[in-house]
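Have a look at the structure below, then the notes.
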Amino acid sequence: MPRLRLAEVRAVTLLGAHPDDIEIGAGGLLLALGARADLRVHYVLLTGSAERHAEARAAAAAFLPAARLSFALHALPDGRVPARWAAAKRIVEEAARLLDADLVLAPGADDAHQDHRTLARLVATAFRRAPALHYEIPKWDGDLGRRNAYLPLSAERLARKVELLTTHYPSQRARDWWDEEVFRGLARLRGVECRSRYAEAYRCEKVLIEA
């Protein structure tokens, strides 16, 4: 059964359907881990143009400044990942073989976006040893649900997350849901749920907690 002690995490696999998914959902956690030089991170995206991949590379370097980073950035058609099941499965399985991860971050199976759901379901079968935290992404669909794992965020860490999102994803600034108020509002709501000022929330299906 997967076990999780955050202080002992040395290898992380990050999986996103689209550029910016990972940082929106787990940017605070990346900042908590990113100052450690002993951390290896494999960063995987299923979709994205060359411009969007460049944004993701820069964002990953900023959120994880000391980590040893590797990338697998793919160009499956946005919004059509379910129809590319075999290709997506191959990408996820290659990521599982490449790095013996202590922690996996991925979108949730209850996400309303079809690309996110497909990726989440593939993660469940490809990564059986490492605990998977499934992050959430605010969107028009209104799919935010209950979560069972929380990472409290200081005001300073949340501010840094928002700053880096804004700086490194300029292609997204015109979207009506992309603004500081959205990111802070979700963090405040999740903070209420774990008796913190701010927090990121995740779903973890199975984990063994060691004292």
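Going by the structure tokens order, chains are called A, B, ..., each with residues numbered from 1, while ligands are numbered from 1 in the order shown.
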Exercise for the section: Give me the residues within 10 Å of A:Asn148 as an MDAnalysis selection string, counting only C-alpha atoms and dropping any in the same chain fewer than 3 places off. Expected result: chainID A and resid 133 193:194 201:205
Exercise for the section: List every residue of stretch 131-190 of chain A that DSSP, applied to the backbone of this structure, places in helix (DSSP H, G or I), and write the result as a VMD selection string. Expected result: chain A and resid 155 to 168 170 to 172 180 to 190
Exercise for the section: Would you list the contacts of A:Ala155 as a PyMOL selection string, taking every protein, DNA or RNA residue within 8 Å and counting only C-alpha atoms, but skipping same-chain residues closer than 2 positions in sequence? Expected result: chain A and resi 153+157-159+197-198
Could the residues in this selection be saved with N, CA and C atoms as a PDB file, in the first residue's frame?
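File result_39.pdb, as written:
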```pdb
ATOM      1  N   LEU A 153      -1.492  26.678   3.630  1.00  0.00           N
ATOM      2  CA  LEU A 153      -0.593  27.605   2.959  1.00  0.00           C
ATOM      3  C   LEU A 153      -0.499  28.894   3.760  1.00  0.00           C
ATOM      4  N   ARG A 157       3.215  32.133   0.974  1.00  0.00           N
ATOM      5  CA  ARG A 157       3.318  31.076  -0.037  1.00  0.00           C
ATOM      6  C   ARG A 157       2.197  31.181  -1.065  1.00  0.00           C
ATOM      7  N   LEU A 158       0.998  31.520  -0.611  1.00  0.00           N
ATOM      8  CA  LEU A 158      -0.095  31.707  -1.562  1.00  0.00           C
ATOM      9  C   LEU A 158       0.207  32.877  -2.492  1.00  0.00           C
ATOM     10  N   ALA A 159       0.711  33.976  -1.941  1.00  0.00           N
ATOM     11  CA  ALA A 159       1.047  35.130  -2.770  1.00  0.00           C
ATOM     12  C   ALA A 159       2.092  34.768  -3.820  1.00  0.00           C
ATOM     13  N   ARG A 197      -5.786  29.511   7.396  1.00  0.00           N
ATOM     14  CA  ARG A 197      -6.217  30.686   6.636  1.00  0.00           C
ATOM     15  C   ARG A 197      -6.383  30.322   5.167  1.00  0.00           C
ATOM     16  N   TYR A 198      -5.377  29.668   4.601  1.00  0.00           N
ATOM     17  CA  TYR A 198      -5.401  29.243   3.208  1.00  0.00           C
ATOM     18  C   TYR A 198      -4.941  27.797   3.124  1.00  0.00           C
TER      19      TYR A 198
END
```
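Closest approach to A:Pro19 among A:Arg129, A:Arg5, A:Lys139, A:His168: A:His168, based on only C-alpha atoms.
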Practice task
Assign secondary structure with DSSP using the backbone only, and return the residues of chain A in strand (DSSP E) as JSON, numbers by chain.
Solution key: {"A": [11, 12, 13, 14, 15, 16, 40, 41, 42, 43, 44, 45, 46, 47, 68, 69, 70, 71, 72, 73, 74, 75, 76, 103, 104, 105, 106, 107, 132, 133, 134, 135, 149, 150, 151, 152, 153, 198, 199, 200, 201, 202]}
Selection file, C-alpha atoms, as a PDB file, in the first residue's frame:
```pdb
ATOM      1  CA  ALA A  11      11.084  11.739  -6.287  1.00  0.00           C
ATOM      2  CA  VAL A  12       7.871  13.223  -7.644  1.00  0.00           C
ATOM      3  CA  THR A  13       5.992  12.634 -10.880  1.00  0.00           C
ATOM      4  CA  LEU A  14       3.790  15.544 -11.940  1.00  0.00           C
ATOM      5  CA  LEU A  15       1.065  14.854 -14.472  1.00  0.00           C
ATOM      6  CA  GLY A  16      -1.123  17.408 -16.195  1.00  0.00           C
ATOM      7  CA  ARG A  40      13.971  14.757  -8.513  1.00  0.00           C
ATOM      8  CA  VAL A  41      10.852  15.755 -10.444  1.00  0.00           C
ATOM      9  CA  HIS A  42       9.499  14.351 -13.702  1.00  0.00           C
ATOM     10  CA  TYR A  43       7.013  16.739 -15.316  1.00  0.00           C
ATOM     11  CA  VAL A  44       4.527  15.274 -17.808  1.00  0.00           C
ATOM     12  CA  LEU A  45       1.935  17.001 -19.997  1.00  0.00           C
ATOM     13  CA  LEU A  46      -0.439  15.310 -22.429  1.00  0.00           C
ATOM     14  CA  THR A  47      -1.268  18.363 -24.576  1.00  0.00           C
ATOM     15  CA  ARG A  68      16.404  18.169 -10.727  1.00  0.00           C
ATOM     16  CA  LEU A  69      13.780  18.449 -13.453  1.00  0.00           C
ATOM     17  CA  SER A  70      13.022  16.263 -16.444  1.00  0.00           C
ATOM     18  CA  PHE A  71      10.182  16.796 -18.902  1.00  0.00           C
ATOM     19  CA  ALA A  72       7.929  14.736 -21.151  1.00  0.00           C
ATOM     20  CA  LEU A  73       5.762  17.276 -22.983  1.00  0.00           C
ATOM     21  CA  HIS A  74       3.345  15.867 -25.531  1.00  0.00           C
ATOM     22  CA  ALA A  75       0.930  17.320 -28.083  1.00  0.00           C
ATOM     23  CA  LEU A  76      -2.219  15.214 -27.986  1.00  0.00           C
ATOM     24  CA  LEU A 103       4.610  10.946  -4.738  1.00  0.00           C
ATOM     25  CA  VAL A 104       2.408  11.424  -7.789  1.00  0.00           C
ATOM     26  CA  LEU A 105       0.334  14.543  -8.493  1.00  0.00           C
ATOM     27  CA  ALA A 106      -2.491  14.360 -11.029  1.00  0.00           C
ATOM     28  CA  PRO A 107      -5.974  15.740 -11.704  1.00  0.00           C
ATOM     29  CA  ALA A 132      -1.273   9.878  -5.640  1.00  0.00           C
ATOM     30  CA  LEU A 133      -2.671  13.254  -4.646  1.00  0.00           C
ATOM     31  CA  HIS A 134      -5.378  14.395  -7.061  1.00  0.00           C
ATOM     32  CA  TYR A 135      -5.495  18.177  -7.330  1.00  0.00           C
ATOM     33  CA  ALA A 149      -6.275  15.871   2.073  1.00  0.00           C
ATOM     34  CA  TYR A 150      -5.179  19.430   2.755  1.00  0.00           C
ATOM     35  CA  LEU A 151      -1.956  21.407   2.617  1.00  0.00           C
ATOM     36  CA  PRO A 152      -2.153  24.613   4.719  1.00  0.00           C
ATOM     37  CA  LEU A 153      -0.593  27.605   2.959  1.00  0.00           C
ATOM     38  CA  TYR A 198      -5.401  29.243   3.208  1.00  0.00           C
ATOM     39  CA  ALA A 199      -4.909  25.732   1.848  1.00  0.00           C
ATOM     40  CA  GLU A 200      -4.710  23.538  -1.204  1.00  0.00           C
ATOM     41  CA  ALA A 201      -7.012  20.536  -1.231  1.00  0.00           C
ATOM     42  CA  TYR A 202      -6.492  17.109  -2.754  1.00  0.00           C
TER      43      TYR A 202
END
```
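Across the model, the gap from atom CA of A:Ile91 to atom CA of A:Ala32 is 26.8 Å.
Take the candidates A:Ala17, A:Ala37, A:Ala56, A:Ile137 and check each one against A:Leu165 using only C-alpha atoms; the shortest distance goes to A:Ala56.
Look at A:Asp141: the protein and nucleic acid residues within 12 Å of it, using only C-alpha atoms and passing over chain neighbours fewer than 6 places away, are A:Asp110, A:Asp111, A:Ala112, A:His113, A:Gln114, A:Trp177.
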Write out the residues from the selection above, keeping C-alpha atoms, as a PDB file, in the first residue's frame.
```pdb
ATOM      1  CA  ASP A 110     -14.268  13.602 -10.643  1.00  0.00           C
ATOM      2  CA  ASP A 111     -13.017  16.538 -12.752  1.00  0.00           C
ATOM      3  CA  ALA A 112     -15.593  17.747 -15.307  1.00  0.00           C
ATOM      4  CA  HIS A 113     -12.974  18.147 -18.056  1.00  0.00           C
ATOM      5  CA  GLN A 114     -12.712  14.965 -20.088  1.00  0.00           C
ATOM      6  CA  TRP A 177     -11.670  32.770 -14.733  1.00  0.00           C
TER       7      TRP A 177
END
```
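Of the residues under consideration (A:Arg52, A:Val192, A:Gly142, A:Phe127), A:Arg52 shows the shortest atom-to-atom contact distance to A:Asp78 when counting only C-alpha atoms.
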Exercise for the section: Please provide as JSON, numbers by chain all residues within 10 Å of A:Asp179, with the sequence filter that same-chain residues fewer than 4 positions apart are discarded (counting only C-alpha atoms). Expected result: {"A": [162, 165, 166, 172, 173, 174, 175, 183, 184]}
For the residues selected in the previous step, produce a file with C-alpha atoms as a PDB file, in the first residue's frame.
```
ATOM      1  CA  VAL A 162      -0.342  33.533  -7.553  1.00  0.00           C
ATOM      2  CA  LEU A 165       1.060  31.730 -12.158  1.00  0.00           C
ATOM      3  CA  THR A 166       0.531  35.248 -13.443  1.00  0.00           C
ATOM      4  CA  GLN A 172      -4.002  32.596 -20.045  1.00  0.00           C
ATOM      5  CA  ARG A 173      -4.466  36.093 -18.630  1.00  0.00           C
ATOM      6  CA  ALA A 174      -7.384  36.947 -20.915  1.00  0.00           C
ATOM      7  CA  ARG A 175      -9.517  34.039 -19.664  1.00  0.00           C
ATOM      8  CA  PHE A 183      -7.031  31.491  -6.860  1.00  0.00           C
ATOM      9  CA  ARG A 184      -7.164  33.212  -3.493  1.00  0.00           C
TER      10      ARG A 184
END
```
